[in-house]
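Participant: Input file: run-v5.txt. Contents: compact mmCIF, C-alpha atoms.
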# COMPACT_ATOMS: atom_id res chain seq x y z
CA MET B 365 -4.84 23.42 2.38
CA GLY B 366 -2.08 21.06 1.22
CA ILE B 367 -2.28 17.31 1.13
CA ARG B 368 0.59 14.84 1.34
CA VAL B 369 1.03 12.47 -1.58
CA GLY B 370 2.78 9.10 -1.54
CA ILE B 371 3.39 6.32 -4.06
CA LEU B 372 2.59 2.60 -3.96
CA ASP B 373 4.82 0.53 -6.24
CA GLN B 374 3.97 -3.12 -6.92
CA THR B 375 7.24 -3.84 -8.82
CA PRO B 376 5.50 -5.05 -11.99
CA ILE B 377 7.35 -7.35 -14.38
CA TYR B 378 6.89 -5.91 -17.86
CA GLU B 379 6.44 -8.12 -20.90
CA GLY B 380 9.79 -9.37 -22.14
CA GLU B 381 11.57 -8.38 -18.92
CA THR B 382 12.72 -10.24 -15.80
CA PRO B 383 12.23 -9.71 -12.06
CA ILE B 384 15.70 -8.16 -12.01
CA ASP B 385 14.51 -5.54 -14.48
CA ALA B 386 11.43 -4.95 -12.31
CA PHE B 387 13.55 -4.24 -9.24
CA ARG B 388 15.74 -1.86 -11.27
CA HIS B 389 12.60 0.02 -12.27
CA THR B 390 11.55 0.24 -8.61
CA ILE B 391 14.93 1.74 -7.69
CA GLU B 392 14.69 4.29 -10.49
CA LEU B 393 11.13 5.17 -9.54
CA VAL B 394 11.87 5.69 -5.83
CA GLN B 395 14.81 7.95 -6.69
CA ARG B 396 12.66 10.03 -9.02
CA ALA B 397 9.88 10.13 -6.40
CA GLU B 398 12.34 11.48 -3.85
CA GLN B 399 13.56 14.15 -6.28
CA LEU B 400 9.98 15.17 -6.99
CA GLY B 401 9.29 15.54 -3.27
CA PHE B 402 6.70 12.81 -2.75
CA HIS B 403 6.18 12.08 0.93
CA ARG B 404 6.49 8.29 1.03
CA PHE B 405 7.11 5.26 -1.19
CA TRP B 406 5.56 1.90 -0.33
CA VAL B 407 6.21 -1.50 -1.88
CA SER B 408 3.78 -4.41 -1.93
CA GLU B 409 3.81 -8.10 -1.02
CA HIS B 410 2.72 -10.66 -3.62
CA HIS B 411 3.44 -14.39 -3.77
CA ASP B 412 3.62 -16.98 -6.53
CA SER B 413 3.12 -14.36 -9.25
CA GLY B 414 4.71 -13.99 -12.64
CA HIS B 415 3.43 -10.42 -12.94
CA VAL B 416 4.95 -8.70 -9.88
CA ALA B 417 8.34 -9.28 -8.29
CA GLY B 418 7.99 -7.98 -4.72
CA SER B 419 7.44 -10.97 -2.45
CA SER B 420 9.45 -9.60 0.51
CA PRO B 421 8.82 -5.89 1.16
CA GLU B 422 11.13 -5.70 4.18
CA VAL B 423 14.10 -6.90 2.11
CA LEU B 424 13.27 -4.50 -0.71
CA ILE B 425 12.82 -1.59 1.72
CA SER B 426 16.30 -2.23 3.11
CA HIS B 427 17.78 -2.00 -0.38
CA LEU B 428 15.82 1.16 -1.18
CA LEU B 429 17.13 2.78 2.01
CA ALA B 430 20.63 2.44 0.58
CA HIS B 431 19.56 4.13 -2.67
CA THR B 432 17.68 7.12 -1.21
CA GLU B 433 18.27 9.84 1.37
CA ARG B 434 15.02 11.36 2.64
CA ILE B 435 11.81 9.79 1.38
CA ARG B 436 9.81 7.59 3.79
CA LEU B 437 9.80 3.92 2.83
CA GLY B 438 7.35 1.23 3.83
CA SER B 439 5.18 -1.76 3.10
CA GLY B 440 1.84 -1.57 1.38
CA GLY B 441 1.55 -3.97 3.03
CA VAL B 442 2.95 -6.87 5.02
CA MET B 443 0.38 -9.70 5.03
CA LEU B 444 0.54 -10.30 8.77
CA GLN B 445 -1.84 -13.25 8.79
CA HIS B 446 1.06 -15.40 7.56
CA TYR B 447 3.71 -14.32 10.06
CA SER B 448 4.84 -14.04 13.64
CA PRO B 449 4.13 -10.53 14.96
CA TYR B 450 7.39 -10.71 16.91
CA LYS B 451 9.47 -11.41 13.81
CA VAL B 452 7.71 -8.71 11.78
CA ALA B 453 8.43 -6.23 14.59
CA GLU B 454 12.10 -7.29 14.65
CA ASN B 455 12.38 -6.79 10.88
CA PHE B 456 10.94 -3.30 11.03
CA ASN B 457 12.91 -2.36 14.13
CA VAL B 458 16.07 -3.22 12.19
CA LEU B 459 14.86 -1.07 9.30
CA SER B 460 14.08 1.78 11.72
CA ALA B 461 17.60 1.55 13.09
CA LEU B 462 19.01 1.71 9.54
CA GLY B 463 16.71 4.56 8.49
CA PRO B 464 15.58 6.48 11.59
CA GLY B 465 12.35 8.37 11.02
CA ARG B 466 11.87 6.97 7.51
CA ILE B 467 10.10 3.62 7.98
CA ASP B 468 6.41 2.72 7.71
CA LEU B 469 4.80 -0.65 8.42
CA GLY B 470 1.55 -0.96 6.51
CA ILE B 471 -0.35 -4.14 7.41
CA GLY B 472 -2.70 -5.72 4.88
CA ARG B 473 -5.57 -8.16 5.28
CA ALA B 474 -5.41 -9.96 1.91
CA PRO B 475 -3.44 -13.20 1.44
CA GLY B 476 -1.22 -11.64 -1.21
CA GLY B 477 -1.27 -14.76 -3.37
CA LEU B 478 -3.05 -17.94 -4.37
CA PRO B 479 -4.24 -20.62 -1.92
CA ARG B 480 -1.14 -22.74 -2.59
CA SER B 481 1.26 -19.96 -1.55
CA THR B 482 -0.90 -19.19 1.48
CA GLN B 483 -0.66 -22.83 2.50
CA ALA B 484 3.12 -22.71 2.12
CA LEU B 485 3.43 -19.47 4.11
CA GLN B 486 1.28 -20.80 6.95
CA GLN B 487 2.79 -24.27 7.06
CA GLY B 488 2.95 -25.50 10.63
CA ILE B 489 0.55 -22.88 12.02
CA GLN B 490 -2.06 -24.63 14.14
CA GLU B 491 -4.22 -21.94 15.75
CA ALA B 492 -3.55 -18.50 14.35
CA ALA B 493 -4.57 -15.44 16.35
CA SER B 494 -7.03 -12.99 14.81
CA LEU B 495 -5.54 -10.29 12.61
CA LYS B 496 -6.57 -7.64 15.13
CA ASP B 497 -4.73 -9.48 17.90
CA LYS B 498 -1.67 -9.85 15.69
CA ILE B 499 -1.65 -6.15 14.81
CA ASN B 500 -1.96 -5.31 18.49
CA GLN B 501 1.04 -7.54 19.24
CA VAL B 502 3.09 -5.86 16.52
CA LYS B 503 2.11 -2.47 17.91
CA GLN B 504 3.27 -3.46 21.40
CA PHE B 505 6.61 -4.72 20.07
CA ILE B 506 7.23 -1.81 17.66
CA TYR B 507 6.47 0.83 20.29
CA ASN B 508 8.03 -1.26 23.10
CA GLU B 509 4.83 -1.09 25.14
CA SER B 510 4.29 -3.14 28.25
CA HIS B 511 2.05 -6.15 27.75
CA GLU B 512 -1.48 -5.54 29.02
CA ASP B 513 -1.45 -8.87 30.86
CA GLU B 514 1.61 -9.14 33.12
CA THR B 515 1.03 -12.88 33.48
CA HIS B 516 1.17 -13.44 29.70
CA PRO B 517 4.07 -15.71 28.59
CA LEU B 518 5.46 -12.89 26.39
CA ALA B 519 5.16 -10.15 29.03
CA GLY B 520 8.46 -8.29 29.36
CA LEU B 521 9.74 -9.39 25.95
CA SER B 522 11.23 -6.75 23.62
CA ALA B 523 11.75 -6.97 19.87
CA ALA B 524 15.38 -6.01 19.42
CA PRO B 525 16.69 -3.63 18.40
CA VAL B 526 14.35 -1.22 20.21
CA SER B 527 14.31 1.85 17.98
CA ALA B 528 14.42 5.42 19.25
CA ILE B 529 12.23 6.38 16.27
CA PRO B 530 10.05 3.32 15.61
CA ALA B 531 8.26 2.54 12.37
CA GLU B 532 4.85 4.12 11.89
CA LEU B 533 2.05 1.52 11.76
CA TYR B 534 -0.83 1.68 9.28
CA VAL B 535 -3.86 -0.56 8.85
CA LEU B 536 -4.71 -1.16 5.17
CA GLY B 537 -8.17 -2.17 4.04
CA ALA B 538 -11.10 -1.64 1.71
CA SER B 539 -14.11 -2.15 3.97
CA VAL B 540 -16.00 -0.75 6.93
CA ASP B 541 -14.69 -3.67 9.03
CA SER B 542 -11.05 -2.74 8.44
CA ALA B 543 -11.81 0.89 9.26
CA GLY B 544 -13.40 -0.16 12.55
CA MET B 545 -10.36 -2.28 13.39
CA ALA B 546 -7.98 0.63 12.73
CA ALA B 547 -10.15 2.89 14.89
CA GLU B 548 -10.24 0.39 17.75
CA LEU B 549 -6.46 -0.01 17.63
CA GLY B 550 -5.93 3.75 17.43
CA LEU B 551 -3.78 3.51 14.28
CA PRO B 552 -3.66 5.39 10.96
CA TYR B 553 -5.88 3.90 8.26
CA VAL B 554 -5.57 3.52 4.48
CA PHE B 555 -8.70 2.85 2.43
CA SER B 556 -7.79 1.26 -0.92
CA LEU B 557 -10.20 2.84 -3.37
CA PHE B 558 -8.35 1.20 -6.28
CA ILE B 559 -9.42 -2.19 -4.88
CA ASN B 560 -12.93 -1.28 -3.73
CA SER B 561 -14.14 1.57 -5.94
CA ASN B 562 -17.50 1.91 -4.14
CA THR B 563 -17.33 5.50 -2.94
CA GLU B 564 -20.26 5.01 -0.57
CA VAL B 565 -18.37 2.24 1.23
CA ALA B 566 -15.23 4.40 1.30
CA LEU B 567 -17.09 7.37 2.80
CA GLU B 568 -18.79 5.16 5.38
CA ALA B 569 -15.51 3.48 6.30
CA LEU B 570 -13.79 6.82 6.81
CA ARG B 571 -16.74 8.09 8.86
CA ILE B 572 -16.64 5.03 11.11
CA TYR B 573 -12.87 5.36 11.43
CA ARG B 574 -13.03 8.96 12.60
CA GLU B 575 -16.04 8.52 14.89
CA GLN B 576 -14.81 5.36 16.61
CA PHE B 577 -11.10 6.20 16.81
CA ASP B 578 -9.55 5.38 20.19
CA ARG B 579 -7.78 8.53 21.39
CA SER B 580 -6.87 7.09 24.79
CA HIS B 581 -3.19 6.77 23.78
CA GLY B 582 -2.91 10.41 22.74
CA ARG B 583 -3.13 9.77 18.99
CA GLU B 584 -5.50 11.40 16.51
CA PRO B 585 -7.05 9.71 13.45
CA TYR B 586 -4.99 9.88 10.26
CA ALA B 587 -6.82 8.80 7.11
CA ILE B 588 -5.27 8.02 3.73
CA LEU B 589 -6.99 7.26 0.44
CA ALA B 590 -5.15 4.95 -1.98
CA ILE B 591 -6.12 5.51 -5.61
CA SER B 592 -5.13 4.34 -9.08
CA LEU B 593 -4.12 7.24 -11.31
CA ILE B 594 -2.63 7.93 -14.73
CA VAL B 595 -1.59 11.38 -15.95
CA ALA B 596 -0.59 11.81 -19.58
CA GLU B 597 0.15 14.58 -22.07
CA SER B 598 -3.33 14.23 -23.60
CA ALA B 599 -6.70 12.85 -22.59
CA GLU B 600 -6.53 10.36 -25.47
CA GLU B 601 -3.19 9.01 -24.31
CA ALA B 602 -4.43 8.70 -20.73
CA GLU B 603 -7.50 6.76 -21.89
CA GLY B 604 -5.31 4.45 -23.93
CA LEU B 605 -2.99 3.75 -21.01
CA ALA B 606 -5.92 3.11 -18.67
CA SER B 607 -7.57 0.72 -21.15
CA GLU B 608 -4.58 -1.63 -20.92
CA HIS B 609 -5.86 -2.93 -17.61
CA MET B 610 -8.91 -4.60 -16.12
CA LEU B 611 -10.15 -5.24 -12.59
CA VAL B 612 -10.67 -8.95 -11.97
CA LYS B 613 -12.55 -10.20 -8.91
CA ILE B 614 -13.14 -13.79 -7.87
CA HIS B 615 -16.21 -14.63 -5.80
CA LEU B 616 -15.77 -17.83 -3.78
CA GLU B 617 -18.57 -20.04 -2.56
CA ASN B 618 -17.69 -19.23 1.06
CA GLY B 619 -18.53 -15.57 0.44
CA LYS B 620 -15.01 -14.22 0.14
CA VAL B 621 -14.29 -11.80 -2.69
CA LEU B 622 -10.70 -11.20 -3.78
CA THR B 623 -9.12 -8.91 -6.37
CA VAL B 624 -6.46 -10.52 -8.58
CA GLY B 625 -4.27 -9.39 -11.45
CA SER B 626 -5.71 -11.29 -14.40
CA VAL B 627 -8.40 -13.71 -15.53
CA GLU B 628 -5.75 -16.45 -15.66
CA GLN B 629 -4.81 -15.78 -12.04
CA ALA B 630 -8.49 -15.83 -11.05
CA GLU B 631 -8.95 -19.21 -12.74
CA GLU B 632 -5.87 -20.57 -10.98
CA PHE B 633 -7.06 -19.19 -7.64
CA GLY B 634 -10.46 -20.82 -8.07
CA GLN B 635 -8.96 -24.17 -8.96
CA GLN B 636 -6.55 -24.10 -6.01
CA SER B 637 -9.32 -23.12 -3.60
CA ASN B 638 -11.29 -26.31 -4.36
CA GLU B 639 -14.49 -24.26 -4.11
CA LYS B 640 -17.10 -23.15 -6.56
CA TYR B 641 -16.27 -19.69 -7.81
CA ARG B 642 -17.38 -16.90 -10.11
CA ILE B 643 -15.14 -14.45 -11.95
CA GLU B 644 -16.18 -10.84 -12.43
CA ILE B 645 -14.38 -8.52 -14.86
CA LEU B 646 -14.82 -4.80 -14.28
CA GLU B 647 -13.43 -1.61 -15.70
CA PRO B 648 -10.72 -0.54 -13.27
CA SER B 649 -11.30 2.54 -11.15
CA VAL B 650 -8.54 4.72 -12.57
CA THR B 651 -8.47 8.49 -12.30
CA ARG B 652 -6.95 9.51 -15.61
CA GLY B 653 -6.46 12.50 -17.86
CA THR B 654 -4.19 15.47 -18.40
CA LYS B 655 -2.57 17.26 -15.50
CA GLU B 656 -5.37 19.85 -15.65
CA THR B 657 -8.25 17.38 -15.35
CA VAL B 658 -6.45 15.11 -12.89
CA GLY B 659 -5.52 18.07 -10.72
CA GLN B 660 -9.17 19.07 -10.56
CA ALA B 661 -10.18 15.49 -9.76
CA LEU B 662 -7.69 15.29 -6.89
CA ALA B 663 -8.93 18.57 -5.48
CA GLN B 664 -12.42 17.04 -5.54
CA PHE B 665 -11.12 13.89 -3.80
CA GLN B 666 -9.67 16.07 -1.06
CA GLN B 667 -12.96 17.91 -0.65
CA ASP B 668 -15.19 14.81 -0.73
CA PHE B 669 -13.14 12.47 1.47
CA ALA B 670 -11.29 15.01 3.69
CA VAL B 671 -8.34 12.64 4.01
CA ASP B 672 -4.92 13.63 5.31
CA GLU B 673 -3.01 12.02 2.47
CA LEU B 674 -3.27 10.31 -0.91
CA ILE B 675 -1.26 7.26 -1.94
CA VAL B 676 -1.13 6.80 -5.69
CA THR B 677 -0.49 3.64 -7.69
CA THR B 678 0.10 3.94 -11.43
CA ALA B 679 0.10 0.94 -13.77
CA THR B 680 1.20 1.24 -17.40
CA ARG B 681 2.90 -1.21 -19.74
CA ASP B 682 5.57 1.38 -20.54
CA PHE B 683 7.87 2.29 -17.67
CA ALA B 684 8.79 5.66 -19.19
CA LYS B 685 5.08 6.56 -19.31
CA ARG B 686 4.82 5.60 -15.65
CA ILE B 687 7.67 7.90 -14.67
CA ARG B 688 6.17 10.68 -16.76
CA SER B 689 2.79 10.21 -15.07
CA PHE B 690 4.31 10.97 -11.67
CA GLU B 691 6.16 14.00 -13.03
CA LEU B 692 2.90 15.34 -14.46
CA LEU B 693 1.14 14.52 -11.18
CA ARG B 694 3.59 16.75 -9.33
CA GLU B 695 2.90 19.55 -11.82
CA ALA B 696 -0.85 19.01 -11.51
CA LEU B 697 -0.80 19.32 -7.72
CA ASP B 698 1.44 22.37 -7.90
CA GLU B 699 -0.95 24.08 -10.31
CA GLN B 700 -3.93 23.29 -8.07
CA GLY B 701 -1.98 24.47 -5.04
CA ILE B 702 -2.98 21.40 -3.01
CA GLY B 703 0.20 19.29 -2.93
CA GLU B 704 2.38 19.22 0.16
CA PHE B 705 5.86 18.19 -1.00
CA GLU B 706 9.17 17.66 0.76
CA ASN B 707 11.29 19.70 -1.67
CA GLU B 708 11.22 21.52 -4.96
CA SER B 709 10.79 19.48 -8.11
CA VAL B 710 13.96 18.37 -9.94
CA PRO B 711 14.20 18.18 -13.77
CA ALA B 712 13.64 14.77 -15.32
CA GLN B 713 17.20 14.46 -16.57
CA ALA B 714 18.48 14.49 -12.98
CA VAL B 715 17.41 10.91 -12.31
CA ILE B 716 20.11 9.03 -10.41
CA SER B 717 21.56 6.08 -12.28
Step by step, read the file and then write its structure as structure tokens.

Facilitator:
Amino acid sequence: MGIRVGILDQTPIYEGETPIDAFRHTIELVQRAEQLGFHRFWVSEHHDSGHVAGSSPEVLISHLLAHTERIRLGSGGVMLQHYSPYKVAENFNVLSALGPGRIDLGIGRAPGGLPRSTQALQQGIQEAASLKDKINQVKQFIYNESHEDETHPLAGLSAAPVSAIPAELYVLGASVDSAGMAAELGLPYVFSLFINSNTEVALEALRIYREQFDRSHGREPYAILAISLIVAESAEEAEGLASEHMLVKIHLENGKVLTVGSVEQAEEFGQQSNEKYRIEILEPSVTRGTKETVGQALAQFQQDFAVDELIVTTATRDFAKRIRSFELLREALDEQGIGEFENESVPAQAVIS
């Protein structure tokens, strides 16, 4: 049985390069991903960061639409807590009009930045609705559904342009709570194993999602597992590439735990939060190896988690190694006979400039 495979790109800024270079790499990567037949390509949202360039996924998606032909494009994800559901729906309805049948709206729960950027993004917001309520509002606007309460001030309002093929909505998370929310809303769910590597939590979240999924709107559960992965020509090279990174978590006094990109960013986050905090450094959960060992590992993922799709993020300090990892991933899935791709693989030299 085949499994769809997508890519999450965080538009990293490599040492000695600029954000402009980072965006050029994203364009090159999405074009190669399309040639290799990957199902979708998502870009992330990060704020006030010197390590990643993508602060506005909807703007970047629009540009990527103009540089690709078939691959699905989306956000992994929009941090809806900061924004008006109506405006987010308008943005993605415009994208759906520009790329019919190719747009995904993944909605994340994390702030996507440090407390200072969160404060700036939410400036003027007095009483924010819950994230679940906001997602429900986006869903109503994206799918042009009638408001449940006809007396509500926004009843009858549409988010123009109403798209004939609206964006697909996804709830992103790394907990049982997020899985329950996705199930209650009747939406596809992505569990980010590269953020929360506890497989017991992942299995429980996916179980809750499937068991509690609201089928009253005619939809069926659709579960995706997001993983960090590196494929290299040798096991030694893969280990070396994986060792370049660490998983940094900050534990705040209020009980919140957030994953950040570096110890320096964790320190800055703690200082901006004005709370007591603790930093935890862990070995990142990265599936790595040759195409043979990684292919076997992905087959095991499919068996253990029974998900409908995998989304892969690959972080290396060498962009060429990153491209090569995805090429080897395609070969690995072909050899295992478990990949479901959109087209036949294209040689590496065919990358569009």

Participant: Find the axis-aligned box for region 408-413 of chain B, covering all its listed atoms and adding 5 Å on each side, and write its centre and edge lengths in Å to one decimal as lines of an AutoDock Vina configuration file.

Facilitator:
center_x = 3.3
center_y = -10.7
center_z = -5.1
size_x = 11.1
size_y = 22.6
size_z = 18.2

Participant: Do you know which residues are at most 10 Å from Glu699 (chain B) counting all atoms listed in the file, after dropping those on the same chain fewer than 2 positions away, and could you put them as a ChimeraX atom specification?

Facilitator: /B:655-656,659-660,693-697,701-703

Participant: Go through B:Phe669, B:Tyr641, B:Tyr450, B:Tyr573 and flag the residue nearest Lys613 (chain B), using all atoms listed in the file for the distances.

Facilitator: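 Answer, going by the shortest atom-to-atom distance: B:Tyr641.
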
Participant: Kindly give the distance, in Å, that separates CA of Ile467 (chain B) and CA of Arg396 (chain B), rounded to a single decimal.

Facilitator: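 CA of Ile467 (chain B) sits 18.3 Å away from CA of Arg396 (chain B).
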
Participant: So that I can see what lies close to Arg434 (chain B), please list as a PDB file with C-alpha atoms, in the coordinates of the input the residues with an atom at most 9 Å from it, counting all atoms listed in the file and leaving out residues fewer than 3 positions away in the same chain.

Facilitator:
ATOM      1  CA  GLU B 398      12.340  11.480  -3.850  1.00  0.00           C
ATOM      2  CA  LEU B 429      17.130   2.780   2.010  1.00  0.00           C
ATOM      3  CA  ARG B 466      11.870   6.970   7.510  1.00  0.00           C
ATOM      4  CA  GLU B 706       9.170  17.660   0.760  1.00  0.00           C
TER       5      GLU B 706
END

Participant: Please determine, counting all atoms listed in the file, which residue among B:Glu381, B:Asp373, B:Glu639, B:Glu600 has the shortest atom-to-atom distance to Gly418 (chain B).

Facilitator: B:Asp373

Participant: Taking 6 positions as the minimum chain separation for residues in the same chain, which residues sit within 8 Å of Thr375 (chain B) when counting all atoms listed in the file? Answer as a count of residues only.

Facilitator: 9

Participant: Can you pull out the residues contacting Ala543 (chain B)? Cut-off 10 Å, using all atoms listed in the file, and skip same-chain residues under 3 positions away; I want them as a PyMOL selection string.

Facilitator: chain B and resi 535-540+546-549+551-555+566+568-574+576-577+587

Participant: Could you check which of B:Ile371, B:Val612, B:Val627, B:Leu605 is closest to Thr680 (chain B), using only C-alpha atoms?

Facilitator: B:Leu605

Participant: Go through B:Phe558, B:Trp406, B:Phe633, B:Tyr378 and flag the residue nearest Val621 (chain B), using only C-alpha atoms for the distances.

Facilitator: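 Residue with the minimum atom-to-atom distance to Val621 (chain B): B:Phe633.
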
Participant: Using all atoms listed in the file, find the one residue out of B:Leu533, B:Ile489, B:Val442, B:Ile391 that sits nearest to Asp468 (chain B).

Facilitator: B:Leu533

Participant: Closest to Thr382 (chain B) among B:His415, B:His410, B:Lys685, B:Arg404, using only C-alpha atoms?

Facilitator: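 Ranked by minimum distance to Thr382 (chain B), first place goes to B:His415.
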
Participant: Write out as a ChimeraX atom specification each polymer residue whose atoms come within 6 Å of Pro464 (chain B), counting all atoms listed in the file; drop sequence neighbours fewer than 3 positions from it.

Facilitator: /B:460-461,529

Participant: For CA of Gln635 (chain B) and CA of Glu617 (chain B), determine how far apart the two atoms are, in Å to one decimal place.

Facilitator: 12.3 Å

Participant: For a cut-off of 10 Å around (-13.0, -13.3, -16.5), file coordinates, pick out all residues using all atoms listed in the file and list them as a count of residues only.

Facilitator: 16

Participant: Rounded to one decimal in Å, what is the spacing between CA of Thr654 (chain B) and CA of Ser689 (chain B)?

Facilitator: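 Those two atoms sit 9.4 Å apart.
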
Participant: Using all atoms listed in the file, give me every residue within 9 Å of (4.7, 4.3, -1.3) in file coordinates, as a PyMOL selection string.

Facilitator: chain B and resi 369-373+394+402-408+436-440+675-677

Participant: Could I get region 513-537 of chain B from the block written out with N, CA and C atoms, as a PDB file, in the first residue's frame?

Facilitator:
ATOM      1  N   ASP B 513     -25.045  30.395  13.854  1.00  0.00           N
ATOM      2  CA  ASP B 513     -25.962  31.300  14.558  1.00  0.00           C
ATOM      3  C   ASP B 513     -26.372  32.413  13.595  1.00  0.00           C
ATOM      4  N   GLU B 514     -27.609  32.377  13.106  1.00  0.00           N
ATOM      5  CA  GLU B 514     -28.057  33.356  12.122  1.00  0.00           C
ATOM      6  C   GLU B 514     -28.139  34.771  12.684  1.00  0.00           C
ATOM      7  N   THR B 515     -28.129  34.888  14.021  1.00  0.00           N
ATOM      8  CA  THR B 515     -28.176  36.218  14.631  1.00  0.00           C
ATOM      9  C   THR B 515     -26.774  36.782  14.888  1.00  0.00           C
ATOM     10  N   HIS B 516     -25.741  35.993  14.585  1.00  0.00           N
ATOM     11  CA  HIS B 516     -24.364  36.442  14.814  1.00  0.00           C
ATOM     12  C   HIS B 516     -24.057  37.642  13.915  1.00  0.00           C
ATOM     13  N   PRO B 517     -23.284  38.628  14.408  1.00  0.00           N
ATOM     14  CA  PRO B 517     -22.975  39.816  13.591  1.00  0.00           C
ATOM     15  C   PRO B 517     -22.313  39.501  12.250  1.00  0.00           C
ATOM     16  N   LEU B 518     -21.595  38.359  12.157  1.00  0.00           N
ATOM     17  CA  LEU B 518     -20.916  38.010  10.907  1.00  0.00           C
ATOM     18  C   LEU B 518     -21.726  37.051  10.038  1.00  0.00           C
ATOM     19  N   ALA B 519     -22.922  36.688  10.466  1.00  0.00           N
ATOM     20  CA  ALA B 519     -23.755  35.775   9.678  1.00  0.00           C
ATOM     21  C   ALA B 519     -24.020  36.375   8.300  1.00  0.00           C
ATOM     22  N   GLY B 520     -23.834  35.556   7.270  1.00  0.00           N
ATOM     23  CA  GLY B 520     -24.058  36.007   5.900  1.00  0.00           C
ATOM     24  C   GLY B 520     -22.833  36.596   5.230  1.00  0.00           C
ATOM     25  N   LEU B 521     -21.744  36.758   5.973  1.00  0.00           N
ATOM     26  CA  LEU B 521     -20.528  37.343   5.415  1.00  0.00           C
ATOM     27  C   LEU B 521     -19.723  36.282   4.673  1.00  0.00           C
ATOM     28  N   SER B 522     -19.209  36.614   3.499  1.00  0.00           N
ATOM     29  CA  SER B 522     -18.329  35.732   2.733  1.00  0.00           C
ATOM     30  C   SER B 522     -16.929  36.327   2.673  1.00  0.00           C
ATOM     31  N   ALA B 523     -15.941  35.446   2.572  1.00  0.00           N
ATOM     32  CA  ALA B 523     -14.547  35.885   2.416  1.00  0.00           C
ATOM     33  C   ALA B 523     -14.203  35.811   0.941  1.00  0.00           C
ATOM     34  N   ALA B 524     -14.248  36.951   0.282  1.00  0.00           N
ATOM     35  CA  ALA B 524     -14.008  36.984  -1.162  1.00  0.00           C
ATOM     36  C   ALA B 524     -12.512  36.864  -1.469  1.00  0.00           C
ATOM     37  N   PRO B 525     -12.179  36.230  -2.601  1.00  0.00           N
ATOM     38  CA  PRO B 525     -13.096  35.604  -3.544  1.00  0.00           C
ATOM     39  C   PRO B 525     -13.477  34.191  -3.101  1.00  0.00           C
ATOM     40  N   VAL B 526     -14.753  33.842  -3.197  1.00  0.00           N
ATOM     41  CA  VAL B 526     -15.180  32.482  -2.877  1.00  0.00           C
ATOM     42  C   VAL B 526     -14.630  31.555  -3.959  1.00  0.00           C
ATOM     43  N   SER B 527     -13.864  30.562  -3.545  1.00  0.00           N
ATOM     44  CA  SER B 527     -13.172  29.696  -4.502  1.00  0.00           C
ATOM     45  C   SER B 527     -13.987  28.456  -4.820  1.00  0.00           C
ATOM     46  N   ALA B 528     -13.997  28.088  -6.104  1.00  0.00           N
ATOM     47  CA  ALA B 528     -14.686  26.864  -6.509  1.00  0.00           C
ATOM     48  C   ALA B 528     -13.982  25.639  -5.950  1.00  0.00           C
ATOM     49  N   ILE B 529     -12.656  25.721  -5.800  1.00  0.00           N
ATOM     50  CA  ILE B 529     -11.882  24.630  -5.190  1.00  0.00           C
ATOM     51  C   ILE B 529     -11.127  25.244  -4.023  1.00  0.00           C
ATOM     52  N   PRO B 530     -11.731  25.286  -2.842  1.00  0.00           N
ATOM     53  CA  PRO B 530     -11.109  25.974  -1.707  1.00  0.00           C
ATOM     54  C   PRO B 530      -9.859  25.260  -1.198  1.00  0.00           C
ATOM     55  N   ALA B 531      -9.073  25.998  -0.415  1.00  0.00           N
ATOM     56  CA  ALA B 531      -7.900  25.402   0.227  1.00  0.00           C
ATOM     57  C   ALA B 531      -8.330  24.268   1.147  1.00  0.00           C
ATOM     58  N   GLU B 532      -7.450  23.269   1.279  1.00  0.00           N
ATOM     59  CA  GLU B 532      -7.690  22.203   2.247  1.00  0.00           C
ATOM     60  C   GLU B 532      -7.133  22.643   3.595  1.00  0.00           C
ATOM     61  N   LEU B 533      -7.918  22.468   4.660  1.00  0.00           N
ATOM     62  CA  LEU B 533      -7.502  22.864   6.004  1.00  0.00           C
ATOM     63  C   LEU B 533      -6.892  21.689   6.751  1.00  0.00           C
ATOM     64  N   TYR B 534      -5.835  21.975   7.513  1.00  0.00           N
ATOM     65  CA  TYR B 534      -5.171  20.977   8.343  1.00  0.00           C
ATOM     66  C   TYR B 534      -4.882  21.578   9.705  1.00  0.00           C
ATOM     67  N   VAL B 535      -5.097  20.796  10.747  1.00  0.00           N
ATOM     68  CA  VAL B 535      -4.715  21.197  12.101  1.00  0.00           C
ATOM     69  C   VAL B 535      -3.362  20.579  12.402  1.00  0.00           C
ATOM     70  N   LEU B 536      -2.384  21.402  12.805  1.00  0.00           N
ATOM     71  CA  LEU B 536      -1.048  20.938  13.141  1.00  0.00           C
ATOM     72  C   LEU B 536      -0.884  20.907  14.651  1.00  0.00           C
ATOM     73  N   GLY B 537      -0.208  19.893  15.154  1.00  0.00           N
ATOM     74  CA  GLY B 537      -0.002  19.828  16.597  1.00  0.00           C
ATOM     75  C   GLY B 537       0.975  18.743  16.980  1.00  0.00           C
TER      76      GLY B 537
END
